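This is structure_10.cif (mmCIF, C-alpha atoms and all ligand atoms).
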data_work
loop_
_atom_site.label_atom_id
_atom_site.label_comp_id
_atom_site.auth_asym_id
_atom_site.auth_seq_id
_atom_site.Cartn_x
_atom_site.Cartn_y
_atom_site.Cartn_z
CA MET A 1 -8.13 -14.40 -18.99
CA LYS A 2 -11.33 -14.13 -16.93
CA SER A 3 -12.32 -16.53 -14.14
CA ALA A 4 -15.76 -18.12 -14.04
CA HIS A 5 -16.91 -15.16 -11.97
CA SER A 6 -15.06 -11.91 -12.42
CA CYS A 7 -14.87 -9.27 -9.72
CA ARG A 8 -15.00 -5.52 -9.40
CA ILE A 9 -14.12 -2.99 -6.76
CA SER A 10 -17.56 -1.93 -5.54
CA GLY A 11 -16.47 0.50 -2.82
CA THR A 12 -13.37 2.21 -1.44
CA GLY A 13 -12.50 4.01 1.79
CA MET A 14 -9.51 5.44 3.60
CA TYR A 15 -8.36 6.79 6.93
CA VAL A 16 -5.34 8.83 7.94
CA PRO A 17 -4.77 10.05 11.49
CA GLU A 18 -4.91 13.74 12.34
CA LYS A 19 -1.36 14.15 13.57
CA VAL A 20 0.95 15.59 10.90
CA VAL A 21 4.75 15.26 11.04
CA THR A 22 6.45 17.63 8.60
CA ASN A 23 9.92 17.34 7.11
CA GLU A 24 10.87 20.30 9.28
CA ASP A 25 9.79 18.31 12.38
CA LEU A 26 12.19 15.52 11.39
CA THR A 27 15.15 17.91 11.31
CA HIS A 28 14.89 18.07 15.14
CA PHE A 29 15.75 14.35 15.29
CA ILE A 30 18.01 13.59 12.33
CA ASP A 31 20.50 15.29 10.06
CA THR A 32 18.27 16.02 7.08
CA SER A 33 16.45 18.91 5.42
CA ASP A 34 13.05 19.68 3.95
CA GLU A 35 14.79 20.39 0.63
CA TRP A 36 16.62 17.00 0.53
CA ILE A 37 13.50 15.01 1.42
CA LYS A 38 11.34 16.79 -1.17
CA GLU A 39 13.95 16.44 -3.90
CA LYS A 40 14.75 12.77 -3.22
CA THR A 41 11.27 11.47 -2.33
CA GLY A 42 8.58 14.08 -3.09
CA ILE A 43 7.36 13.83 0.51
CA CYS A 44 6.38 16.99 2.42
CA GLU A 45 4.65 15.46 5.43
CA ARG A 46 3.30 12.20 6.80
CA ARG A 47 0.67 11.21 9.38
CA VAL A 48 1.23 9.37 12.66
CA ALA A 49 -1.38 7.67 14.86
CA SER A 50 -2.35 9.04 18.28
CA ASP A 51 -1.38 7.06 21.39
CA THR A 52 -4.83 5.51 21.60
CA GLU A 53 -5.24 4.34 18.00
CA LEU A 54 -4.48 0.77 16.94
CA PRO A 55 -4.11 -0.75 13.46
CA SER A 56 -7.52 -2.43 13.81
CA ASP A 57 -9.11 1.02 14.45
CA PHE A 58 -7.62 2.36 11.21
CA CYS A 59 -8.90 -0.72 9.36
CA VAL A 60 -12.39 -0.21 10.74
CA TYR A 61 -12.57 3.49 9.80
CA ALA A 62 -11.43 2.78 6.23
CA ALA A 63 -13.68 -0.31 5.96
CA ARG A 64 -16.80 1.55 7.10
CA GLU A 65 -16.34 4.11 4.33
CA ALA A 66 -15.71 1.38 1.75
CA LEU A 67 -18.86 -0.49 2.86
CA LYS A 68 -20.91 2.70 2.65
CA ASN A 69 -19.65 3.41 -0.87
CA ALA A 70 -20.45 -0.18 -1.87
CA ASN A 71 -23.97 0.15 -0.40
CA LEU A 72 -23.31 -2.87 1.79
CA SER A 73 -23.41 -3.53 5.51
CA ALA A 74 -20.86 -5.49 7.55
CA ASP A 75 -23.37 -8.36 7.55
CA ASN A 76 -22.88 -8.77 3.79
CA ILE A 77 -19.15 -9.43 4.10
CA ASP A 78 -18.00 -13.04 3.58
CA LEU A 79 -14.27 -12.55 4.11
CA ILE A 80 -11.97 -9.90 5.59
CA ILE A 81 -8.32 -9.84 4.54
CA VAL A 82 -6.00 -7.35 6.22
CA ALA A 83 -2.56 -6.65 4.74
CA LEU A 84 -0.21 -5.10 7.27
CA SER A 85 3.20 -5.43 8.87
CA GLY A 86 2.40 -3.97 12.29
CA PRO A 87 -0.58 -5.92 13.70
CA ASP A 88 -2.42 -5.01 16.96
CA VAL A 89 -0.96 -8.16 18.55
CA SER A 90 0.95 -11.19 17.28
CA SER A 91 -2.18 -13.33 17.56
CA PRO A 92 -5.08 -13.30 16.77
CA ALA A 93 -5.06 -11.86 13.26
CA THR A 94 -5.89 -8.15 13.13
CA ALA A 95 -8.65 -9.18 10.70
CA ALA A 96 -10.36 -11.04 13.58
CA ILE A 97 -10.33 -7.88 15.72
CA VAL A 98 -11.64 -5.88 12.76
CA GLN A 99 -14.45 -8.43 12.31
CA LYS A 100 -15.54 -7.94 15.92
CA LYS A 101 -15.34 -4.13 15.74
CA LEU A 102 -17.28 -4.02 12.46
CA GLY A 103 -19.82 -6.63 13.56
CA ALA A 104 -19.16 -8.68 10.40
CA THR A 105 -20.86 -11.79 11.79
CA HIS A 106 -20.60 -13.98 8.69
CA ALA A 107 -17.02 -13.22 7.68
CA ALA A 108 -14.02 -15.52 7.58
CA VAL A 109 -10.79 -13.66 8.32
CA PHE A 110 -7.04 -13.68 7.81
CA ASP A 111 -4.05 -11.34 7.66
CA ILE A 112 -1.40 -11.14 4.97
CA ARG A 113 2.10 -9.95 5.72
CA ASN A 114 3.94 -9.26 2.51
CA GLY A 115 5.50 -5.82 2.75
CA CYS A 116 4.32 -2.87 0.70
CA GLN A 117 2.89 -5.14 -2.02
CA GLY A 118 0.75 -6.87 0.65
CA PHE A 119 -2.40 -5.04 -0.42
CA MET A 120 -2.04 -6.36 -3.96
CA THR A 121 -1.34 -9.87 -2.64
CA ALA A 122 -4.56 -9.61 -0.61
CA LEU A 123 -6.58 -8.19 -3.52
CA ILE A 124 -5.44 -10.86 -5.96
CA THR A 125 -6.07 -13.60 -3.35
CA ALA A 126 -9.56 -12.20 -2.74
CA SER A 127 -10.29 -12.21 -6.48
CA LYS A 128 -9.70 -15.97 -6.56
CA PHE A 129 -12.35 -16.60 -3.87
CA ILE A 130 -14.85 -14.62 -5.92
CA GLY A 131 -13.60 -16.25 -9.12
CA ASP A 132 -14.45 -19.77 -7.96
CA GLY A 133 -17.74 -18.68 -6.39
CA THR A 134 -16.70 -19.31 -2.77
CA TYR A 135 -17.48 -15.78 -1.61
CA LYS A 136 -19.45 -12.79 -2.84
CA ASN A 137 -18.28 -9.70 -0.97
CA ILE A 138 -14.75 -9.42 0.41
CA LEU A 139 -13.22 -6.57 2.39
CA VAL A 140 -9.56 -6.06 1.52
CA ILE A 141 -7.74 -3.64 3.80
CA GLY A 142 -4.16 -2.34 3.80
CA THR A 143 -2.85 -0.61 6.91
CA SER A 144 0.49 0.98 7.80
CA PHE A 145 1.87 1.85 11.22
CA TYR A 146 5.46 2.40 10.10
CA GLY A 147 5.18 6.07 11.11
CA THR A 148 4.40 4.99 14.67
CA PHE A 149 7.34 2.55 14.70
CA LEU A 150 9.66 5.30 13.50
CA GLU A 151 8.32 7.83 15.98
CA ALA A 152 8.78 5.34 18.85
CA ALA A 153 12.42 5.05 17.79
CA GLN A 154 12.65 8.87 17.68
CA TRP A 155 13.04 8.81 13.88
CA ARG A 156 16.62 7.73 14.46
CA ASP A 157 17.61 6.19 11.12
CA ARG A 158 17.48 8.86 8.45
CA THR A 159 17.54 6.39 5.57
CA GLN A 160 14.07 5.17 6.64
CA ALA A 161 12.70 7.95 8.82
CA VAL A 162 12.01 10.30 5.93
CA PHE A 163 9.80 7.82 4.07
CA PHE A 164 7.08 6.17 6.08
CA GLY A 165 3.73 7.27 7.52
CA ASP A 166 0.57 5.75 9.01
CA GLY A 167 -2.73 5.24 7.22
CA SER A 168 -5.28 2.74 6.02
CA GLY A 169 -7.19 2.05 2.82
CA ALA A 170 -9.97 -0.45 2.13
CA VAL A 171 -11.85 -1.82 -0.85
CA VAL A 172 -14.85 -4.11 -1.19
CA LEU A 173 -14.48 -6.70 -3.93
CA SER A 174 -17.75 -8.02 -5.38
CA PRO A 175 -18.76 -10.14 -8.39
CA SER A 176 -18.99 -8.35 -11.74
CA ASN A 177 -20.39 -9.09 -15.16
CA GLN A 178 -18.10 -10.59 -17.78
CA ILE A 179 -17.43 -7.28 -19.52
CA ALA A 180 -15.99 -5.14 -16.74
CA GLY A 181 -13.94 -5.90 -13.62
CA LEU A 182 -10.62 -7.65 -13.09
CA LEU A 183 -9.01 -8.57 -16.41
CA SER A 184 -5.64 -9.98 -15.33
CA CYS A 185 -3.04 -10.11 -12.57
CA ASP A 186 0.61 -10.92 -11.98
CA MET A 187 2.70 -11.55 -8.86
CA GLY A 188 6.33 -12.39 -8.23
CA ASN A 189 9.26 -12.19 -5.86
CA ASP A 190 13.05 -11.91 -6.20
CA LYS A 191 14.55 -14.87 -4.31
CA ASP A 192 17.80 -13.00 -3.64
CA ALA A 193 16.34 -9.77 -2.20
CA ALA A 194 14.71 -10.74 1.11
CA HIS A 195 17.37 -8.78 3.03
CA ILE A 196 16.91 -5.47 1.16
CA LEU A 197 14.02 -4.14 3.27
CA HIS A 198 14.49 -5.99 6.55
CA PHE A 199 12.42 -5.12 9.63
CA PRO A 200 13.12 -7.76 12.34
CA PHE A 201 11.11 -6.09 15.11
CA GLY A 202 8.24 -8.30 16.31
CA GLY A 203 9.71 -11.46 14.80
CA VAL A 204 11.15 -14.38 16.75
CA ALA A 205 14.70 -13.44 15.74
CA SER A 206 14.29 -10.07 17.49
CA LEU A 207 13.39 -11.66 20.87
CA ARG A 208 17.09 -11.96 21.68
CA GLU A 209 17.54 -8.19 21.59
CA THR A 210 17.00 -6.29 24.81
CA THR A 211 15.69 -2.81 24.21
CA TYR A 212 13.33 -1.29 21.70
CA ALA A 213 16.19 0.78 20.31
CA ASP A 214 18.29 -2.36 19.77
CA LYS A 215 15.42 -4.05 18.05
CA PHE A 216 14.65 -1.04 15.90
CA LEU A 217 18.27 -0.57 14.91
CA GLY A 218 18.06 -3.97 13.27
CA ASN A 219 15.84 -2.38 10.62
CA THR A 220 17.65 -1.89 7.35
CA MET A 221 16.77 -0.60 3.91
CA ASP A 222 19.06 -0.56 0.89
CA GLY A 223 17.44 2.47 -0.74
CA ARG A 224 19.42 2.37 -3.96
CA PHE A 225 18.53 -1.31 -4.49
CA VAL A 226 14.83 -0.56 -3.86
CA PHE A 227 14.95 2.23 -6.42
CA ASP A 228 16.62 0.13 -9.11
CA PHE A 229 14.44 -2.90 -8.33
CA ALA A 230 11.23 -0.90 -8.71
CA VAL A 231 12.26 0.77 -11.94
CA ARG A 232 13.39 -2.60 -13.37
CA THR A 233 10.55 -4.89 -12.26
CA VAL A 234 7.42 -2.72 -12.17
CA PRO A 235 7.34 -1.87 -15.91
CA ASN A 236 7.83 -5.60 -16.64
CA THR A 237 4.95 -6.77 -14.43
CA ILE A 238 2.72 -4.04 -15.88
CA ARG A 239 3.58 -5.06 -19.44
CA THR A 240 2.95 -8.74 -18.56
CA SER A 241 -0.42 -8.00 -16.94
CA VAL A 242 -1.59 -5.75 -19.76
CA GLU A 243 -0.62 -8.38 -22.32
CA LYS A 244 -2.45 -11.10 -20.31
CA ALA A 245 -5.53 -8.87 -20.45
CA GLY A 246 -5.28 -8.79 -24.25
CA LEU A 247 -4.48 -5.07 -24.20
CA THR A 248 -1.53 -2.81 -25.03
CA LEU A 249 0.02 0.00 -22.99
CA ALA A 250 -1.80 2.48 -25.23
CA ASP A 251 -5.12 1.17 -23.83
CA ILE A 252 -4.24 2.16 -20.24
CA ASP A 253 -6.04 5.14 -18.75
CA TRP A 254 -4.58 4.99 -15.23
CA VAL A 255 -1.48 3.46 -13.65
CA LEU A 256 -1.79 3.65 -9.87
CA LEU A 257 1.48 2.76 -8.18
CA HIS A 258 2.60 2.07 -4.64
CA GLN A 259 3.55 5.48 -3.24
CA ALA A 260 7.16 4.64 -2.38
CA ASN A 261 8.86 7.71 -3.75
CA SER A 262 7.84 10.26 -6.39
CA ASN A 263 11.11 9.81 -8.28
CA ILE A 264 10.42 6.07 -8.58
CA ILE A 265 6.91 6.79 -9.86
CA ASN A 266 8.25 9.27 -12.45
CA ALA A 267 10.95 6.82 -13.59
CA ILE A 268 8.41 3.98 -14.00
CA MET A 269 6.06 6.16 -16.05
CA GLU A 270 9.00 7.27 -18.19
CA GLU A 271 10.14 3.67 -18.71
CA LEU A 272 6.59 2.74 -19.79
CA LYS A 273 6.56 5.83 -22.06
CA LEU A 274 3.27 6.90 -20.48
CA PRO A 275 2.53 10.54 -19.60
CA ILE A 276 2.73 11.42 -15.92
CA SER A 277 -0.90 12.63 -16.21
CA LYS A 278 -1.92 8.93 -16.32
CA THR A 279 -0.88 8.38 -12.74
CA TYR A 280 -2.12 9.90 -9.48
CA THR A 281 0.09 10.60 -6.50
CA ASN A 282 -0.44 11.82 -2.94
CA ILE A 283 2.95 10.89 -1.46
CA ASN A 284 3.60 14.59 -0.76
CA ARG A 285 0.79 14.51 1.86
CA TYR A 286 1.06 11.04 3.41
CA GLY A 287 4.59 9.75 2.70
CA ASN A 288 4.92 6.04 2.00
CA THR A 289 2.03 4.29 3.74
CA SER A 290 3.23 0.82 2.64
CA GLU A 291 0.24 -1.58 2.47
CA ALA A 292 -2.21 1.34 2.66
CA SER A 293 -0.81 3.44 -0.16
CA LEU A 294 -2.61 1.83 -3.13
CA PRO A 295 -6.14 1.73 -1.67
CA ILE A 296 -5.67 5.33 -0.47
CA VAL A 297 -4.50 6.50 -3.89
CA LEU A 298 -7.37 4.62 -5.56
CA HIS A 299 -9.91 6.10 -3.14
CA GLU A 300 -8.68 9.67 -3.68
CA ALA A 301 -8.52 9.27 -7.49
CA LEU A 302 -12.12 8.03 -7.47
CA ARG A 303 -13.28 10.73 -5.05
CA GLU A 304 -11.79 13.38 -7.33
CA GLY A 305 -13.65 11.91 -10.31
CA LYS A 306 -10.46 10.98 -12.16
CA ILE A 307 -11.43 7.38 -12.94
CA ARG A 308 -14.44 6.96 -15.21
CA SER A 309 -16.59 4.08 -16.35
CA ASP A 310 -14.79 1.86 -18.94
CA ASP A 311 -11.35 3.19 -17.96
CA ILE A 312 -8.53 0.64 -17.92
CA VAL A 313 -6.89 0.93 -14.50
CA VAL A 314 -3.63 -0.78 -13.51
CA LEU A 315 -2.81 -1.16 -9.82
CA CYS A 316 0.76 -2.15 -8.94
CA GLY A 317 2.43 -2.66 -5.56
CA PHE A 318 6.04 -3.57 -4.80
CA GLY A 319 8.20 -3.81 -1.72
CA ALA A 320 9.91 -5.93 0.94
CA GLY A 321 10.57 -9.43 -0.21
CA MET A 322 11.36 -7.95 -2.74
CA GLY A 323 8.20 -8.65 -4.64
CA TRP A 324 5.37 -7.22 -6.68
CA GLY A 325 1.67 -7.61 -7.43
CA THR A 326 -0.25 -6.11 -10.34
CA ALA A 327 -3.90 -6.14 -11.40
CA VAL A 328 -5.64 -4.71 -14.46
CA PHE A 329 -9.26 -3.62 -14.13
CA LYS A 330 -11.81 -2.36 -16.59
CA TRP A 331 -13.73 0.07 -14.43
CA ASP A 332 -17.51 -0.14 -14.50
O1 LIG B 1 8.61 1.10 -0.09
C1 LIG B 1 10.00 1.24 -0.32
C2 LIG B 1 10.48 2.54 0.27
N1 LIG B 1 11.85 2.84 -0.07
C3 LIG B 1 12.21 3.56 -1.15
O2 LIG B 1 11.40 3.97 -1.93
C4 LIG B 1 13.69 3.84 -1.30
C5 LIG B 1 14.07 4.11 -2.74
N2 LIG B 1 15.36 4.73 -2.81
C6 LIG B 1 15.51 6.08 -2.87
O3 LIG B 1 14.55 6.79 -2.95
C7 LIG B 1 16.90 6.65 -2.84
O4 LIG B 1 17.86 5.63 -3.04
C8 LIG B 1 17.18 7.42 -1.50
C9 LIG B 1 16.29 8.64 -1.42
C10 LIG B 1 16.99 6.51 -0.29
C11 LIG B 1 18.64 7.88 -1.53
O5 LIG B 1 18.87 8.62 -2.70
P1 LIG B 1 20.29 8.51 -3.43
O6 LIG B 1 20.28 9.42 -4.59
O7 LIG B 1 20.50 7.06 -3.70
O8 LIG B 1 21.21 9.11 -2.34
P2 LIG B 1 22.48 8.48 -1.64
O9 LIG B 1 22.10 7.33 -0.77
O10 LIG B 1 23.51 8.24 -2.69
O11 LIG B 1 22.91 9.68 -0.73
C12 LIG B 1 23.17 10.96 -1.28
C13 LIG B 1 23.59 11.87 -0.16
C14 LIG B 1 24.65 11.24 0.74
O12 LIG B 1 25.53 12.28 1.11
P3 LIG B 1 26.95 12.48 0.38
O13 LIG B 1 27.68 11.19 0.59
O14 LIG B 1 26.61 12.73 -1.07
O15 LIG B 1 27.54 13.67 1.07
C15 LIG B 1 23.85 10.77 1.93
O16 LIG B 1 24.64 10.71 3.10
O17 LIG B 1 22.46 12.14 0.68
C16 LIG B 1 22.82 11.85 2.05
N3 LIG B 1 21.61 11.40 2.75
C17 LIG B 1 20.76 12.25 3.34
N4 LIG B 1 20.76 13.58 3.46
C18 LIG B 1 19.73 14.15 4.11
C19 LIG B 1 21.13 10.15 2.90
N5 LIG B 1 19.97 10.16 3.58
C20 LIG B 1 19.73 11.45 3.87
C21 LIG B 1 18.68 12.11 4.54
N6 LIG B 1 18.72 13.44 4.63
N7 LIG B 1 17.62 11.42 5.05
#
Can the structure in the file be given as C-alpha cells, please?
Ligand code: UT7
Amino acid sequence: MKSAHSCRISGTGMYVPEKVVTNEDLTHFIDTSDEWIKEKTGICERRVASDTELPSDFCVYAAREALKNANLSADNIDLIIVALSGPDVSSPATAAIVQKKLGATHAAVFDIRNGCQGFMTALITASKFIGDGTYKNILVIGTSFYGTFLEAAQWRDRTQAVFFGDGSGAVVLSPSNQIAGLLSCDMGNDKDAAHILHFPFGGVASLRETTYADKFLGNTMDGRFVFDFAVRTVPNTIRTSVEKAGLTLADIDWVLLHQANSNIINAIMEELKLPISKTYTNINRYGNTSEASLPIVLHEALREGKIRSDDIVVLCGFGAGMGWGTAVFKWD
C-alpha cells in the first residue's frame, strides 16, 4: 500500500578501502584455510580501512557518489541517516560529522544502530519521512568497520574473523510518482535472539573490562543459529512484502540480499524457488560488510546495468538482534 508520497532511490554510491586482506593472509593469524572459507562462506577477500580513515570518511565518499548520481548537491539534502555499529565516536552521531564534511547545511541527522539490517531500518524510516511530506531528499548510508575491529584484535576469533570487512554504501531517497518507487516494506525482530550476534565492545557493559583483547573476546556469534535464522525468516519477510505490494514471487526481477554468506544466499533463493540469476552477489570480493552490504550490492548491480526500468526489486537485510527489514521497489 502506497503512502501519500511514494519514494524512489534516485542515486547510489559506494566506497571500499584499498587495503585487501585475503583468506591466505588470515591463515597467519588463525587456524583456517582459503579452501574452508570459500566453501563455507564464498568469501575470497575483504577490505580494511587504513589507519587514517574513519567511518565518517567512508560515509562521505559513498554519499558524494550517490549525490552525483542523483544530480543533487549536499545543499539539497533534508536528512542524513547513517546505519553503523562502529561510529567515529560515541557522541555526536556519525551523521552529524558527515553533515559537516559534506557541507549539508539544511540537513537533520541521526544514526541507527541495528546490526546488519540497519541499512534497511534506515531506508524504511527514511521512506516514512518522504511519505508524510516532511522531507524531500534523504541520504541513507550504511557503513561497516568490522574488518578494522577484527584486525585490531589480530583476527583472533576464527568464527568471526573470516566473515567481516569494511566498506560503505549510500543511497539518496527522493519522492516518486505513484506508479514507480517503494511498493511495500516489512520489519521484525526475534525477541529471544539478542544474544546470537553479540558485540559488547563500545557499550557501557564493556567498560568494566580492562584491555582491548578482553573487550573483543566478549564478541560472540552463533554461526549455525544465524544460518538457520536467515534461511527461516528471510523467505517469510520477502513473501509478506511481495504480498503487501499486491504481487507474487513470479513478478520479482531481483532479490538483493544482505551479503552474509553465499551459502545463506543460495539457500534463501532455493527456498523461494527463484533462480540464482535473480540475485547479485559480491561477497567474494568484500566479505560481509554488515550495514554497507546492501547499498554496495545495489550500487554495483545498477552500475553493471543489471536493474532496468520497471523491474521489481526486493532488498532484504537481516542480522544482530536478530531482526530483518525488507522493501519492494518498482524501479523507474
Ligand atoms: O551477518 C551475519 C554473519 N554470520 C553468518 O553469516 C554466519 C552464518 N553461519 C555460517 O555460515 C556457518 O554456520 C559457519 C560458516 C559459521 C560454520 O559452518 P558449519 O557448517 O556450521 O560448521 P561448524 O561450525 O559445524 O564447523 C565445522 C568444522 C568444525 O571442525 P570439526 O569439528 O568438524 O573438526 C570447526 O571447528 O569447521 C571448523 N571450523 C573452521 N575451520 C576452519 C570452524 N570455523 C573454522 C574456520 N576455519 N574459520
Up to 8 Å from (18.9, -6.3, 2.2) in the file's coordinates: name the residues, counting all atoms listed in the file, as a JSON list (two decimals) with C-alpha atoms, in the frame of the given file.
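Saved to result-v6.json:
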[["chain", "number", "residue", "atom", "x", "y", "z"],
["A", 193, "ALA", "CA", 16.34, -9.77, -2.20],
["A", 194, "ALA", "CA", 14.71, -10.74, 1.11],
["A", 195, "HIS", "CA", 17.37, -8.78, 3.03],
["A", 196, "ILE", "CA", 16.91, -5.47, 1.16],
["A", 197, "LEU", "CA", 14.02, -4.14, 3.27],
["A", 198, "HIS", "CA", 14.49, -5.99, 6.55],
["A", 220, "THR", "CA", 17.65, -1.89, 7.35],
["A", 221, "MET", "CA", 16.77, -0.60, 3.91],
["A", 222, "ASP", "CA", 19.06, -0.56, 0.89]]
Q: Measuring atom to atom with all atoms listed in the file, identify which of A:Ser176, A:Asn236, A:Thr27, A:Ser127 is nearest to Gln154 in chain A.
A: A:Thr27
**Q.** Interatomic distance (Å, one decimal) between CA of Leu173 in chain A and CA of Gly188 in chain A
**A.**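 A separation of 22.0 Å between them.
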**Q.** Within-9 Å residues of ligand LIG 1 (chain B), basis only C-alpha atoms and all ligand atoms, as JSON, numbers by chain
**A.** {"A": [27, 30, 31, 32, 33, 34, 35, 36, 37, 39, 40, 41, 115, 116, 117, 157, 158, 159, 160, 161, 162, 163, 164, 197, 221, 222, 223, 224, 225, 226, 227, 228, 229, 230, 258, 259, 260, 261, 262, 263, 264, 288, 289, 290, 318, 319, 320]}
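Interatomic distance, CA of Val314 in chain A against CA of Ile296 in chain A: 14.5 Å.
Each of A:Thr148, A:Asn284, A:Thr143, A:Ser184 was compared to Leu247 in chain A using all atoms listed in the file, and A:Ser184 turns out to be the nearest.
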Q: Could you tell me how far CA of Glu18 in chain A lies from CA of Pro295 in chain A, in Å and to one decimal?
A: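 Computing the Euclidean distance for CA of Glu18 in chain A and CA of Pro295 in chain A yields 18.5 Å.
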(Q) Can you tell me which residues surround range 135-137 of chain A at a distance of at most 7 Å, considering only C-alpha atoms, apart from same-chain residues fewer than 5 positions away, and format the answer as an MDAnalysis selection string? (A) chainID A and resid 76:78 129:130 172:175
Q | Long-range neighbours of Met14 in chain A as a list in words, 8 Å cut-off, all atoms listed in the file, 2 positions minimum in chain | A | Thr12, Val16, Tyr61, Ala62, Ala63, Glu65, Ala66, Gly167, Ser168, Gly169, Ala170, Pro295, Ile296 and His299 of chain A
Only C-alpha atoms, please: the residues just picked out, written as a CSV table (one decimal), in the coordinates of the input.
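So the final result, stored in out_30.csv, reads:
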chain,number,residue,atom,x,y,z
A,12,THR,CA,-13.4,2.2,-1.4
A,16,VAL,CA,-5.3,8.8,7.9
A,61,TYR,CA,-12.6,3.5,9.8
A,62,ALA,CA,-11.4,2.8,6.2
A,63,ALA,CA,-13.7,-0.3,6.0
A,65,GLU,CA,-16.3,4.1,4.3
A,66,ALA,CA,-15.7,1.4,1.8
A,167,GLY,CA,-2.7,5.2,7.2
A,168,SER,CA,-5.3,2.7,6.0
A,169,GLY,CA,-7.2,2.0,2.8
A,170,ALA,CA,-10.0,-0.4,2.1
A,295,PRO,CA,-6.1,1.7,-1.7
A,296,ILE,CA,-5.7,5.3,-0.5
A,299,HIS,CA,-9.9,6.1,-3.1
Q: Compile the contact shell of Leu123 in chain A as a PyMOL selection string: residues with an atom at most 9 Å away, counting all atoms listed in the file, same-chain residues fewer than 6 positions apart removed.
A: chain A and resi 81+140-141+171+173+327
Which polymer residues have any atom within 12 Å of an atom of Thr125 in chain A, counting only C-alpha atoms, with same-chain residues fewer than 3 positions away left out, as a PDB file with C-alpha atoms, in the coordinates of the input?
ATOM      1  CA  CYS A   7     -14.870  -9.270  -9.720  1.00  0.00           C
ATOM      2  CA  LEU A  79     -14.270 -12.550   4.110  1.00  0.00           C
ATOM      3  CA  ILE A  80     -11.970  -9.900   5.590  1.00  0.00           C
ATOM      4  CA  ILE A  81      -8.320  -9.840   4.540  1.00  0.00           C
ATOM      5  CA  VAL A  82      -6.000  -7.350   6.220  1.00  0.00           C
ATOM      6  CA  ALA A  83      -2.560  -6.650   4.740  1.00  0.00           C
ATOM      7  CA  PHE A 110      -7.040 -13.680   7.810  1.00  0.00           C
ATOM      8  CA  ASP A 111      -4.050 -11.340   7.660  1.00  0.00           C
ATOM      9  CA  ILE A 112      -1.400 -11.140   4.970  1.00  0.00           C
ATOM     10  CA  GLY A 118       0.750  -6.870   0.650  1.00  0.00           C
ATOM     11  CA  PHE A 119      -2.400  -5.040  -0.420  1.00  0.00           C
ATOM     12  CA  MET A 120      -2.040  -6.360  -3.960  1.00  0.00           C
ATOM     13  CA  THR A 121      -1.340  -9.870  -2.640  1.00  0.00           C
ATOM     14  CA  ALA A 122      -4.560  -9.610  -0.610  1.00  0.00           C
ATOM     15  CA  LYS A 128      -9.700 -15.970  -6.560  1.00  0.00           C
ATOM     16  CA  PHE A 129     -12.350 -16.600  -3.870  1.00  0.00           C
ATOM     17  CA  ILE A 130     -14.850 -14.620  -5.920  1.00  0.00           C
ATOM     18  CA  GLY A 131     -13.600 -16.250  -9.120  1.00  0.00           C
ATOM     19  CA  ASP A 132     -14.450 -19.770  -7.960  1.00  0.00           C
ATOM     20  CA  TYR A 135     -17.480 -15.780  -1.610  1.00  0.00           C
ATOM     21  CA  ILE A 138     -14.750  -9.420   0.410  1.00  0.00           C
ATOM     22  CA  LEU A 139     -13.220  -6.570   2.390  1.00  0.00           C
ATOM     23  CA  VAL A 140      -9.560  -6.060   1.520  1.00  0.00           C
ATOM     24  CA  LEU A 173     -14.480  -6.700  -3.930  1.00  0.00           C
ATOM     25  CA  CYS A 185      -3.040 -10.110 -12.570  1.00  0.00           C
ATOM     26  CA  ASP A 186       0.610 -10.920 -11.980  1.00  0.00           C
ATOM     27  CA  MET A 187       2.700 -11.550  -8.860  1.00  0.00           C
ATOM     28  CA  GLY A 325       1.670  -7.610  -7.430  1.00  0.00           C
ATOM     29  CA  THR A 326      -0.250  -6.110 -10.340  1.00  0.00           C
ATOM     30  CA  ALA A 327      -3.900  -6.140 -11.400  1.00  0.00           C
TER      31      ALA A 327
END
Q: Name the residues within 12 Å of (-14.7, -4.7, -14.0), counting only C-alpha atoms in the file's coordinates, and put them as a ChimeraX atom specification.
A: /A:2,5-10,127,173-184,245,308-314,327-332
Q.
Given all atoms listed in the file as the basis, pick out the residue of A:Leu257, A:Val109, A:Leu150, A:Val231 nearest to Tyr280 in chain A.
A.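 Looking only at the distances to Tyr280 in chain A, the closest residue turns out to be A:Leu257.
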Q: Rank A:Leu249, A:Leu207, A:Val89, A:Ala74 by their smallest atom-to-atom distance to Leu102 in chain A, using only C-alpha atoms, and report the top residue only.
A: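 Smallest distance to Leu102 in chain A is found for A:Ala74.
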Q: List the neighbours of Val98 in chain A out to 8 Å using only C-alpha atoms; skip same-chain residues closer than 6 positions along the sequence, and give me the result as a count of residues only.
A: 4
